[in-house]
Each structure stands twice: as C-alpha cells, then as structure tokens.
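Enquirer: See work.txt below, with compact mmCIF, C-alpha atoms.
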```
# COMPACT_ATOMS: atom_id res chain seq x y z
CA MET A 1 -165.76 15.62 141.43
CA ILE A 2 -162.51 16.15 139.55
CA PRO A 3 -162.96 18.79 136.80
CA MET A 4 -160.95 19.15 133.59
CA VAL A 5 -159.53 22.39 134.99
CA ASP A 6 -159.98 23.98 138.43
CA LEU A 7 -160.19 27.73 137.90
CA LYS A 8 -161.80 28.32 141.30
CA THR A 9 -158.76 27.10 143.22
CA GLN A 10 -156.44 29.14 141.02
CA TYR A 11 -158.53 32.26 141.56
CA ARG A 12 -158.56 31.88 145.33
CA GLN A 13 -154.75 31.81 145.34
CA ILE A 14 -154.49 35.20 143.58
CA GLN A 15 -157.83 36.71 144.53
CA ALA A 16 -156.50 39.63 146.58
CA GLU A 17 -154.09 40.78 143.87
CA ILE A 18 -156.70 40.57 141.12
CA GLU A 19 -159.39 42.32 143.13
CA GLN A 20 -157.03 45.15 144.03
CA GLY A 21 -156.23 45.65 140.35
CA LEU A 22 -159.89 45.48 139.35
CA HIS A 23 -160.88 48.08 141.94
CA GLN A 24 -158.19 50.38 140.55
CA VAL A 25 -159.55 49.97 137.02
CA LEU A 26 -163.07 50.76 138.22
CA ASP A 27 -161.84 53.81 140.13
CA ASP A 28 -159.87 55.07 137.12
CA ALA A 29 -162.72 54.28 134.68
CA HIS A 30 -160.24 53.68 131.84
CA PHE A 31 -161.43 50.44 130.33
CA ILE A 32 -160.10 50.15 126.75
CA LEU A 33 -156.40 50.13 125.71
CA GLY A 34 -155.45 51.57 129.07
CA PRO A 35 -152.32 51.31 131.24
CA ASN A 36 -152.82 47.66 132.21
CA VAL A 37 -153.15 46.60 128.57
CA GLN A 38 -150.02 48.53 127.69
CA ALA A 39 -148.11 47.05 130.63
CA PHE A 40 -149.29 43.53 129.85
CA GLU A 41 -148.14 43.85 126.24
CA ARG A 42 -144.66 44.92 127.39
CA GLU A 43 -144.47 42.17 130.00
CA ALA A 44 -145.67 39.47 127.61
CA ALA A 45 -143.22 40.54 124.90
CA ASP A 46 -140.41 40.43 127.44
CA TYR A 47 -141.41 36.95 128.67
CA LEU A 48 -141.79 35.55 125.15
CA GLY A 49 -138.66 37.18 123.77
CA THR A 50 -140.39 39.08 120.98
CA LYS A 51 -140.08 42.73 120.01
CA HIS A 52 -143.82 43.24 119.97
CA ALA A 53 -146.91 41.78 121.63
CA ILE A 54 -150.22 43.27 120.49
CA SER A 55 -153.30 42.26 122.44
CA CYS A 56 -156.72 41.75 120.88
CA ALA A 57 -160.16 40.41 121.71
CA SER A 58 -159.64 36.65 121.20
CA GLY A 59 -157.30 33.98 119.94
CA THR A 60 -159.41 33.70 116.79
CA ASP A 61 -158.96 37.40 116.18
CA ALA A 62 -155.22 37.04 116.75
CA LEU A 63 -155.05 34.51 113.90
CA HIS A 64 -157.26 36.64 111.67
CA LEU A 65 -155.32 39.84 112.30
CA ALA A 66 -151.92 38.17 111.90
CA LEU A 67 -152.87 36.55 108.59
CA ALA A 68 -154.34 39.80 107.31
CA ALA A 69 -151.26 41.77 108.37
CA ALA A 70 -149.08 39.19 106.59
CA GLY A 71 -150.96 39.91 103.36
CA ILE A 72 -152.91 36.66 103.09
CA GLY A 73 -155.96 37.11 100.88
CA ALA A 74 -158.38 35.66 98.39
CA GLY A 75 -157.07 32.69 96.44
CA ASP A 76 -154.03 32.15 98.67
CA GLU A 77 -153.34 28.76 100.24
CA VAL A 78 -152.25 28.28 103.85
CA ILE A 79 -150.93 24.89 104.97
CA THR A 80 -152.17 23.89 108.39
CA SER A 81 -153.33 21.06 110.64
CA PRO A 82 -156.69 19.29 110.41
CA PHE A 83 -156.43 18.25 114.07
CA THR A 84 -157.17 21.43 115.99
CA PHE A 85 -160.02 23.74 116.95
CA ILE A 86 -161.89 25.19 113.98
CA ALA A 87 -160.69 28.75 114.71
CA THR A 88 -157.40 27.95 112.98
CA ALA A 89 -159.15 27.27 109.68
CA GLU A 90 -161.86 29.89 110.21
CA ALA A 91 -159.27 32.66 110.34
CA ILE A 92 -157.85 31.55 106.99
CA CYS A 93 -161.31 31.44 105.45
CA TYR A 94 -162.24 34.91 106.75
CA LEU A 95 -159.72 36.31 104.28
CA GLY A 96 -160.92 34.27 101.32
CA ALA A 97 -157.87 32.02 101.50
CA LYS A 98 -157.92 28.22 101.43
CA PRO A 99 -156.79 25.95 104.28
CA VAL A 100 -154.63 23.12 102.93
CA PHE A 101 -154.73 20.31 105.47
CA VAL A 102 -151.69 18.08 105.96
CA ASP A 103 -151.72 14.91 108.05
CA ILE A 104 -150.29 14.83 111.56
CA ASP A 105 -147.44 13.05 113.30
CA PRO A 106 -148.86 10.02 115.18
CA HIS A 107 -146.82 10.76 118.30
CA THR A 108 -146.95 14.54 118.79
CA PHE A 109 -150.26 15.14 116.92
CA ASN A 110 -148.63 18.17 115.31
CA LEU A 111 -148.16 18.70 111.58
CA ASP A 112 -146.16 15.94 109.89
CA LEU A 113 -143.39 18.10 108.51
CA ASN A 114 -142.40 15.35 106.08
CA GLN A 115 -145.63 16.06 104.24
CA VAL A 116 -145.66 19.85 104.35
CA GLU A 117 -143.27 20.48 101.49
CA ALA A 118 -145.21 18.18 99.15
CA ALA A 119 -148.34 20.27 99.79
CA ILE A 120 -146.76 23.53 98.59
CA THR A 121 -148.14 24.90 95.31
CA VAL A 122 -147.78 28.14 93.36
CA ASN A 123 -150.67 29.49 95.44
CA THR A 124 -149.17 28.72 98.84
CA ARG A 125 -148.43 31.85 100.84
CA ALA A 126 -148.02 30.63 104.41
CA ILE A 127 -147.58 27.72 106.80
CA LEU A 128 -149.70 27.82 109.95
CA PRO A 129 -148.36 25.21 112.42
CA VAL A 130 -150.39 24.53 115.57
CA HIS A 131 -148.52 23.82 118.81
CA LEU A 132 -151.21 21.36 119.81
CA PHE A 133 -151.93 20.60 123.47
CA GLY A 134 -148.77 22.53 124.43
CA GLN A 135 -146.33 20.37 122.43
CA PRO A 136 -144.19 22.76 120.36
CA VAL A 137 -143.78 22.07 116.66
CA ASP A 138 -140.20 21.66 115.39
CA MET A 139 -140.04 25.32 114.41
CA PRO A 140 -136.43 25.36 113.14
CA ALA A 141 -137.49 22.73 110.59
CA VAL A 142 -140.64 24.68 109.69
CA MET A 143 -138.62 27.85 109.18
CA LYS A 144 -136.20 26.07 106.83
CA ILE A 145 -139.11 24.88 104.68
CA ALA A 146 -140.62 28.37 104.66
CA GLU A 147 -137.33 30.02 103.75
CA ARG A 148 -136.77 27.65 100.84
CA HIS A 149 -140.13 28.58 99.38
CA GLY A 150 -140.48 32.23 100.43
CA LEU A 151 -143.47 31.60 102.71
CA SER A 152 -144.75 33.38 105.79
CA VAL A 153 -145.09 31.39 109.01
CA ILE A 154 -147.94 32.19 111.39
CA GLU A 155 -147.73 30.16 114.62
CA ASP A 156 -150.93 29.08 116.34
CA CYS A 157 -149.84 29.27 119.98
CA ALA A 158 -153.33 29.17 121.49
CA GLN A 159 -152.38 26.15 123.61
CA SER A 160 -148.67 26.72 124.09
CA PHE A 161 -147.98 29.82 126.18
CA GLY A 162 -144.59 29.16 127.78
CA ALA A 163 -143.62 26.19 125.61
CA THR A 164 -140.11 26.39 124.21
CA ILE A 165 -137.96 24.77 121.57
CA GLU A 166 -134.19 25.18 121.55
CA GLY A 167 -134.63 27.71 124.33
CA ARG A 168 -136.97 29.98 122.34
CA GLN A 169 -140.62 30.50 123.11
CA THR A 170 -143.35 29.48 120.70
CA GLY A 171 -144.55 32.64 119.01
CA ALA A 172 -140.99 33.91 118.60
CA PHE A 173 -140.05 32.00 115.42
CA GLY A 174 -142.45 32.91 112.63
CA SER A 175 -143.68 36.11 111.07
CA ALA A 176 -146.20 36.17 113.91
CA GLY A 177 -147.40 34.12 116.85
CA CYS A 178 -151.06 33.98 117.85
CA PHE A 179 -152.20 33.38 121.44
CA SER A 180 -155.55 32.77 123.10
CA PHE A 181 -156.36 33.75 126.67
CA PHE A 182 -159.59 31.77 126.91
CA PRO A 183 -160.13 31.04 130.64
CA SER A 184 -158.97 27.41 130.52
CA LYS A 185 -155.69 28.15 128.72
CA ASN A 186 -152.35 27.88 130.52
CA LEU A 187 -152.48 31.69 130.68
CA GLY A 188 -156.17 32.51 130.77
CA CYS A 189 -158.24 35.58 131.56
CA PHE A 190 -161.85 35.86 132.80
CA GLY A 191 -163.40 36.00 129.33
CA ASP A 192 -162.02 36.14 125.82
CA GLY A 193 -158.66 37.63 124.94
CA GLY A 194 -155.83 37.16 122.49
CA MET A 195 -152.45 38.44 121.35
CA VAL A 196 -150.21 38.63 118.31
CA THR A 197 -146.43 38.52 118.76
CA THR A 198 -143.87 39.50 116.15
CA HIS A 199 -140.36 40.81 115.65
CA SER A 200 -141.50 42.91 112.68
CA GLU A 201 -142.17 46.61 113.19
CA ALA A 202 -144.26 46.72 110.01
CA LEU A 203 -146.44 43.74 110.91
CA ALA A 204 -146.92 45.00 114.47
CA GLU A 205 -148.07 48.37 113.17
CA LYS A 206 -150.53 46.72 110.79
CA VAL A 207 -152.02 44.60 113.58
CA LYS A 208 -152.40 47.65 115.82
CA VAL A 209 -154.25 49.50 113.07
CA LEU A 210 -156.43 46.53 112.11
CA ARG A 211 -157.51 45.79 115.71
CA ASN A 212 -158.72 49.38 116.16
CA HIS A 213 -161.05 50.05 113.22
CA GLY A 214 -158.20 50.69 110.81
CA SER A 215 -157.16 53.76 112.76
CA LYS A 216 -153.81 55.14 113.88
CA ARG A 217 -155.39 58.35 115.17
CA GLN A 218 -158.90 58.84 116.46
CA TYR A 219 -161.39 59.38 113.63
CA ARG A 220 -158.68 58.87 111.00
CA HIS A 221 -159.08 55.52 109.19
CA SER A 222 -156.55 54.35 106.63
CA VAL A 223 -157.95 50.82 106.01
CA ILE A 224 -161.04 48.81 106.82
CA GLY A 225 -160.29 47.37 110.24
CA TYR A 226 -161.97 45.52 113.09
CA ASN A 227 -163.03 46.07 116.67
CA SER A 228 -160.70 43.70 118.51
CA ARG A 229 -159.26 45.17 121.68
CA LEU A 230 -158.36 43.62 125.02
CA ASP A 231 -160.00 45.44 127.93
CA GLU A 232 -158.34 46.62 131.13
CA ILE A 233 -160.17 44.11 133.33
CA GLN A 234 -158.78 41.16 131.38
CA ALA A 235 -155.32 42.73 131.36
CA VAL A 236 -155.35 42.92 135.17
CA VAL A 237 -156.07 39.18 135.36
CA LEU A 238 -153.44 38.34 132.77
CA ARG A 239 -150.76 40.43 134.45
CA ALA A 240 -151.33 38.60 137.73
CA LYS A 241 -151.20 35.19 136.06
CA LEU A 242 -148.23 36.03 133.81
CA LYS A 243 -146.10 36.45 136.95
CA ARG A 244 -146.90 32.83 137.78
CA ILE A 245 -147.01 31.21 134.34
CA SER A 246 -143.68 29.39 134.68
CA ALA A 247 -144.83 27.83 137.96
CA TYR A 248 -148.21 26.98 136.45
CA ASN A 249 -146.54 25.23 133.54
CA GLU A 250 -144.18 23.33 135.81
CA GLY A 251 -147.20 22.16 137.78
CA ARG A 252 -148.85 20.93 134.59
CA ARG A 253 -145.67 19.13 133.54
CA ALA A 254 -145.34 17.46 136.95
CA ALA A 255 -148.94 16.25 136.77
CA ALA A 256 -148.46 15.00 133.21
CA HIS A 257 -145.27 13.13 134.05
CA LEU A 258 -146.98 11.41 136.98
CA TYR A 259 -149.83 10.36 134.70
CA THR A 260 -147.34 8.98 132.21
CA ARG A 261 -145.38 7.03 134.83
CA LEU A 262 -148.56 5.43 136.11
CA LEU A 263 -150.05 4.72 132.67
CA THR A 264 -146.95 3.48 130.86
CA GLY A 265 -147.21 -0.21 130.11
CA LEU A 266 -150.94 -0.38 130.67
CA PRO A 267 -152.42 -2.49 127.83
CA GLY A 268 -154.59 -0.52 125.46
CA ILE A 269 -153.29 2.90 126.59
CA THR A 270 -150.76 5.09 124.77
CA PRO A 271 -149.73 8.11 126.87
CA PRO A 272 -148.84 11.37 125.08
CA ALA A 273 -145.29 11.69 123.80
CA GLU A 274 -142.69 14.40 124.21
CA ASP A 275 -140.43 14.66 121.18
CA GLY A 276 -137.34 15.67 123.15
CA LYS A 277 -136.84 18.79 121.04
CA GLY A 278 -139.02 21.19 122.98
CA ILE A 279 -140.63 21.77 126.37
CA HIS A 280 -144.23 20.55 126.39
CA VAL A 281 -146.53 22.62 128.67
CA TYR A 282 -149.53 20.24 128.63
CA HIS A 283 -152.50 22.44 127.94
CA GLN A 284 -154.13 19.04 127.56
CA TYR A 285 -153.02 15.56 128.61
CA THR A 286 -154.26 13.47 125.70
CA LEU A 287 -153.77 9.73 125.47
CA LEU A 288 -154.87 7.21 122.85
CA THR A 289 -157.09 4.22 123.52
CA ALA A 290 -159.37 1.95 121.53
CA ASN A 291 -161.70 1.73 124.55
CA ARG A 292 -162.46 5.43 124.84
CA ASP A 293 -166.22 5.19 125.41
CA THR A 294 -165.85 2.57 128.15
CA ILE A 295 -163.17 4.57 129.94
CA MET A 296 -165.14 7.82 129.69
CA THR A 297 -168.18 6.11 131.16
CA GLY A 298 -166.12 4.73 134.03
CA LEU A 299 -164.61 8.14 134.73
CA ARG A 300 -167.97 9.87 134.57
CA ASN A 301 -169.50 7.35 136.99
CA ALA A 302 -166.59 8.06 139.37
CA GLY A 303 -167.19 11.83 139.20
CA ILE A 304 -164.16 12.48 137.01
CA SER A 305 -164.28 14.72 133.96
CA SER A 306 -162.76 13.81 130.59
CA ALA A 307 -163.07 15.22 127.08
CA ILE A 308 -162.39 14.49 123.43
CA TYR A 309 -160.15 17.02 121.67
CA TYR A 310 -161.00 16.65 118.77
CA PRO A 311 -163.67 14.14 117.75
CA ILE A 312 -164.07 15.32 114.13
CA PRO A 313 -161.05 16.45 112.09
CA LEU A 314 -161.52 19.77 110.30
CA HIS A 315 -161.60 18.25 106.82
CA ARG A 316 -164.53 16.08 107.97
CA GLN A 317 -166.53 18.90 109.56
CA GLU A 318 -169.84 19.67 107.87
CA VAL A 319 -168.69 23.13 106.84
CA PHE A 320 -165.67 21.71 104.98
CA ALA A 321 -166.77 18.18 104.08
CA ALA A 322 -167.82 18.85 100.49
CA ARG A 323 -164.66 20.82 99.71
CA TYR A 324 -162.36 18.12 101.07
CA ARG A 325 -164.40 15.06 100.11
CA ASP A 326 -161.43 13.44 98.35
CA VAL A 327 -158.86 14.32 101.03
CA SER A 328 -157.66 11.38 103.11
CA LEU A 329 -155.60 12.03 106.23
CA PRO A 330 -155.46 8.59 107.85
CA VAL A 331 -153.32 9.39 110.89
CA CYS A 332 -155.50 12.32 111.88
CA GLU A 333 -158.67 10.31 111.33
CA SER A 334 -157.34 7.43 113.44
CA VAL A 335 -156.20 9.71 116.28
CA ALA A 336 -159.59 11.45 116.34
CA GLN A 337 -161.24 8.08 116.94
CA ARG A 338 -158.95 7.18 119.86
CA CYS A 339 -157.93 10.38 121.65
CA LEU A 340 -159.01 11.09 125.21
CA SER A 341 -158.04 14.06 127.37
CA LEU A 342 -157.80 13.80 131.15
CA PRO A 343 -157.99 16.52 133.81
CA ILE A 344 -154.81 18.62 133.81
CA TYR A 345 -154.06 21.79 135.75
CA PRO A 346 -151.30 23.03 138.09
CA GLU A 347 -153.34 22.40 141.23
CA LEU A 348 -154.15 18.78 140.35
CA GLU A 349 -152.99 16.65 143.29
CA SER A 350 -151.04 13.41 143.02
CA GLY A 351 -153.77 11.54 144.89
CA GLN A 352 -156.33 12.72 142.35
CA ILE A 353 -154.12 11.53 139.51
CA GLN A 354 -153.73 8.14 141.14
CA THR A 355 -157.52 7.89 141.51
CA ILE A 356 -158.01 8.75 137.84
CA VAL A 357 -155.46 6.16 136.76
CA GLU A 358 -157.05 3.46 138.90
CA VAL A 359 -160.39 4.07 137.18
CA ILE A 360 -158.69 3.89 133.78
CA LYS A 361 -157.00 0.62 134.73
CA ALA A 362 -160.35 -0.85 135.70
CA HIS A 363 -161.87 -0.03 132.30
CA ALA A 364 -158.95 -0.05 129.86
CA ALA A 365 -159.62 -3.57 128.65
CA GLY A 366 -163.13 -2.65 127.54
```
Write out the structure in this file as structure tokens.
Expert:
Amino acid sequence: MIPMVDLKTQYRQIQAEIEQGLHQVLDDAHFILGPNVQAFEREAADYLGTKHAISCASGTDALHLALAAAGIGAGDEVITSPFTFIATAEAICYLGAKPVFVDIDPHTFNLDLNQVEAAITVNTRAILPVHLFGQPVDMPAVMKIAERHGLSVIEDCAQSFGATIEGRQTGAFGSAGCFSFFPSKNLGCFGDGGMVTTHSEALAEKVKVLRNHGSKRQYRHSVIGYNSRLDEIQAVVLRAKLKRISAYNEGRRAAAHLYTRLLTGLPGITPPAEDGKGIHVYHQYTLLTANRDTIMTGLRNAGISSAIYYPIPLHRQEVFAARYRDVSLPVCESVAQRCLSLPIYPELESGQIQTIVEVIKAHAAG
C-alpha cells in the first residue's frame, strides 16, 4: 500500500526528540501558551522572515483572526479563489463579509491575477490569494494591485509553508499570512494548529487579543474574542519538524520532479506546472487528466492511494450555490473535473514513484 502521506515513517525518524519534549511538558504541567508555544512562535517568525508569528488553534482560525484583525466586517467584499478548501471562504463569511470568487490560472491553479482587478468594487476591502498545493502566488503583482486600490492582503498559506517567491517566504508579503498545521501539511502537528504572521505590531496585538477571549490581561476583556490557542504538546511537535522543514520540502520537490520527468509526454496527462517565479513546495502533486476515474480505479486496485482536490469548486458548493448561481468560472470548473492528486511526501521512494507512474501509463488512455 502506498498512502497519500506517510506520517508513521516521519514520526519514527524523530520519535525520540518528540517524546522527550512531550515528557517534559507532562512533567511541567504547563499546557496552554507555555514556553514551547512561545519558542515556536519566535522560531517560525525567524524562519519565515516576519516580525511576528502568532499561533492559534487551526488554519481556519488563522484566517478568521487575521481577517478580523484587518477590520473586515459585514458588507465587505474579499476577492479569493474558488478552487481551494472551504475554510478560505468560511472565514470570510464568519465576519459577515462576502467572498468574491475569481477564476484561476489553468497552469498554476492559483488566482488569475488578470481578472482580480476587474472584480474590485467600492465594497472590496481585501484580496485573499491562496498558495494552492504549495505553488506560491505572484505576490509582488498582488501587492501592486492592492496598493493601487488601498486593499489589505491576507495570504492563505495553509499549503505553502516554506514556499518562496523572489527569495521571500509566503506569509511575509501581505498584511498577514495564515498557516495550517493539520497533520498532513508540509509542517504538520499531531492535531489541529494554525498561525498568523505579520510585520504589523498593531495587527499582531489584535490577533493575540482575539485568540485569547479578547483579553490582554487575565479577567480583563476589551473586545469579544475567541478561544483559539495552540497547546504545548503541538508546539513540541512543530518545533521538532520546523528544524527539518527545508529538508522535508526538498524531499517533496525531488519526488515531484521525478514524477514530472516520468509523466511528461504521456498522452492524456498534464503534470503540474511551476511558474518559474517562486519555489513550489508540493503540498500536493496534482495533475490533469480526462481519464481520472479509470486511473483512480487502477491505482486503487494496485494498492495506491490518490485523491481529488477539489471535486466541487466553492461557488458550486451547496452552501453557496444559490448565491453564485449566475457566476461562471470556466477554468476552475474544468480543472475540478480533471484534477488528480498522487501520493507526495518527503519519504516517498523513487521505486514507489516509478510503480505509480507505470500504473498511470497502463490506464491513461481510458
């Protein structure tokens, strides 16, 4: 069996270090906003090149808190991608704001920046680009659009920890960057976890207050806040993995490049593209094919996992369908019908990749 991601092998490689840290947490009995959380926030900010990194309970919360801290509220419009996990749009809706979906680039699957400016209205307050599958959005171009129109930029970095563009990390360009530490992410913990990055002292302070029941001091509450704190146990895991994140990402890139070399030229298969502007960290390896169902069946019969990210674009989801009935995003809709993600993780061996590709070759023609 070849899984989508092999967390067991990764754990065995760092088991001793993690268990030592966990035992120390249990001995100290300091579980919330303790020394490991504080150390992880400093270490993550240093790695990402941001002034602040504020941890929270999930990637969804990171988006919610960042948007709230940026002043997004009822009646505001936020331009974002329809081809992503629903959390991106949920966070906008939590605040009473409206997601404005713009079609995607057919090669990178990220926002088509040529269409973003046309979607700006008097109600637009922010752009929320998603660095999908680890492919960084052209952030210098996004920032120019935002500056022309006085908009905030909140980066969805849930799938892009360690990805760079022009030498800068995703999460270091906009008003804030939002990260998820779901276990299968490039940098994942052993449960849920998230983080907001920013260069702004004011925004960082707002996020810290919002994540902790609106409180700067115990039992003193200045605003209505939330309970969204990373615990010490998750911070121990993240600190151990952060030391290795560059190697993990290089392993993912090596696996992806081998896939691409073996798949290039195969009829009916379009491997994922790198735009040459940034460093893709391959949270997912997602190709396009018109014979998706046949290939998935062949892979499944061979004991190989595969997945569809994402089968239904956000503007076609039941929760949004009525609101966006008249919205047509043809590239996104076409990609959703043809996308297929293959196993990708640092420990994936070349022989396993070759086996996966041979199965694809046997079924690519339908």
Enquirer: Applying 12 Å and all atoms listed in the file, which residues near Asp293 of chain A remain after dropping the ones on its own chain fewer than 6 positions away? List them as a PDB file with C-alpha atoms, in the frame of the given file.
Expert:
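Result file is selection-v6.pdb:
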```pdb
ATOM      1  CA  LEU A 299    -164.610   8.140 134.730  1.00  0.00           C
ATOM      2  CA  ARG A 300    -167.970   9.870 134.570  1.00  0.00           C
ATOM      3  CA  SER A 306    -162.760  13.810 130.590  1.00  0.00           C
ATOM      4  CA  ALA A 307    -163.070  15.220 127.080  1.00  0.00           C
ATOM      5  CA  ILE A 308    -162.390  14.490 123.430  1.00  0.00           C
ATOM      6  CA  GLN A 337    -161.240   8.080 116.940  1.00  0.00           C
ATOM      7  CA  ARG A 338    -158.950   7.180 119.860  1.00  0.00           C
ATOM      8  CA  CYS A 339    -157.930  10.380 121.650  1.00  0.00           C
ATOM      9  CA  LEU A 340    -159.010  11.090 125.210  1.00  0.00           C
ATOM     10  CA  ILE A 360    -158.690   3.890 133.780  1.00  0.00           C
ATOM     11  CA  HIS A 363    -161.870  -0.030 132.300  1.00  0.00           C
ATOM     12  CA  ALA A 364    -158.950  -0.050 129.860  1.00  0.00           C
ATOM     13  CA  ALA A 365    -159.620  -3.570 128.650  1.00  0.00           C
ATOM     14  CA  GLY A 366    -163.130  -2.650 127.540  1.00  0.00           C
TER      15      GLY A 366
END
```
Enquirer: Could you check which residues have any atom within 6 Å of (-143.7, 22.6, 103.9), counting all atoms listed in the file with coordinates taken straight from the file, and then list them as a ChimeraX atom specification?
Expert: /A:116-117,145
Enquirer: Point out the residue among A:Ala39, A:Val130, A:Ile344, A:Ala254 with the least atom-to-atom distance to Ile86 of chain A, counting all atoms listed in the file.
Expert: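 So, comparing all the options, the nearest one is A:Val130.
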Enquirer: Choose the residue, out of A:Thr170, A:Val37, A:Val137, A:Thr80, that has the smallest atom-to-atom separation from Gly193 of chain A; count all atoms listed in the file.
Expert: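 Residue with the minimum atom-to-atom distance to Gly193 of chain A: A:Val37.
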Enquirer: Extract, using only C-alpha atoms, all DNA, RNA and protein residues at most 7 Å from Ser246 of chain A, discarding same-chain residues fewer than 3 positions from it, and format them as a PyMOL selection string.
Expert: chain A and resi 162+249-250
Enquirer: Any chance you could export the current selection's C-alpha atoms as a PDB file, in the frame of the given file?
Expert:
```pdb
ATOM      1  CA  GLY A 162    -144.590  29.160 127.780  1.00  0.00           C
ATOM      2  CA  ASN A 249    -146.540  25.230 133.540  1.00  0.00           C
ATOM      3  CA  GLU A 250    -144.180  23.330 135.810  1.00  0.00           C
TER       4      GLU A 250
END
```
Enquirer: Compile the contact shell of segment 237-245 of chain A as number ranges by chain: residues with an atom at most 12 Å away, counting all atoms listed in the file, same-chain residues fewer than 6 positions apart removed.
Expert: A: 7, 10-11, 13-22, 25, 35-48, 55, 160-163, 180-183, 185-195, 230-231, 251-252, 281, 345-346
Enquirer: Ranking A:Ser350, A:Thr108, A:Thr198, A:Gln169 by minimum distance to Pro272 of chain A and counting all atoms listed in the file, which one comes first?
Expert: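 Of A:Ser350, A:Thr108, A:Thr198, A:Gln169, the one nearest Pro272 of chain A, counting all atoms listed in the file, is A:Thr108.
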Enquirer: From the structure block, carefully write segment 28-81 of chain A out with C-alpha atoms; format it as a compact mmCIF listing (two decimals), in the first residue's frame.
Expert:
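Contents of part_24.txt, freshly written:
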```
# COMPACT_ATOMS: atom_id res chain seq x y z
CA ASP A 28 5.94 20.70 33.86
CA ALA A 29 2.12 20.54 33.51
CA HIS A 30 2.08 23.85 31.60
CA PHE A 31 -0.16 23.10 28.65
CA ILE A 32 -1.53 26.38 27.23
CA LEU A 33 0.57 29.29 25.85
CA GLY A 34 3.63 27.90 27.57
CA PRO A 35 7.36 28.04 26.80
CA ASN A 36 7.23 25.74 23.76
CA VAL A 37 4.49 27.82 22.14
CA GLN A 38 6.48 30.98 22.76
CA ALA A 39 9.66 29.41 21.40
CA PHE A 40 7.88 28.03 18.34
CA GLU A 41 6.43 31.45 17.55
CA ARG A 42 9.91 33.02 17.69
CA GLU A 43 11.46 30.24 15.60
CA ALA A 44 8.70 30.32 12.99
CA ALA A 45 8.89 34.10 12.65
CA ASP A 46 12.65 33.84 12.19
CA TYR A 47 12.31 31.12 9.54
CA LEU A 48 9.58 32.97 7.64
CA GLY A 49 11.21 36.38 7.88
CA THR A 50 8.31 38.09 9.62
CA LYS A 51 8.30 40.29 12.70
CA HIS A 52 5.53 38.32 14.34
CA ALA A 53 4.12 34.80 14.30
CA ILE A 54 1.06 34.23 16.48
CA SER A 55 -0.09 30.66 16.91
CA CYS A 56 -3.73 29.63 17.18
CA ALA A 57 -5.92 26.54 17.18
CA SER A 58 -6.27 25.87 13.44
CA GLY A 59 -5.63 27.19 9.96
CA THR A 60 -9.29 28.17 9.72
CA ASP A 61 -8.95 30.20 12.88
CA ALA A 62 -5.81 31.83 11.50
CA LEU A 63 -7.81 33.10 8.52
CA HIS A 64 -10.70 34.21 10.72
CA LEU A 65 -8.47 36.02 13.22
CA ALA A 66 -6.37 37.70 10.52
CA LEU A 67 -9.41 38.98 8.64
CA ALA A 68 -10.99 40.22 11.85
CA ALA A 69 -7.78 41.95 12.92
CA ALA A 70 -7.58 43.59 9.48
CA GLY A 71 -11.02 45.11 10.08
CA ILE A 72 -13.02 43.01 7.62
CA GLY A 73 -16.70 43.01 8.54
CA ALA A 74 -20.30 42.91 7.45
CA GLY A 75 -20.90 44.04 3.88
CA ASP A 76 -17.23 43.97 2.88
CA GLU A 77 -16.06 42.02 -0.15
CA VAL A 78 -12.94 39.84 -0.20
CA ILE A 79 -11.60 38.58 -3.53
CA THR A 80 -10.41 35.00 -3.36
CA SER A 81 -10.12 31.67 -5.17
```
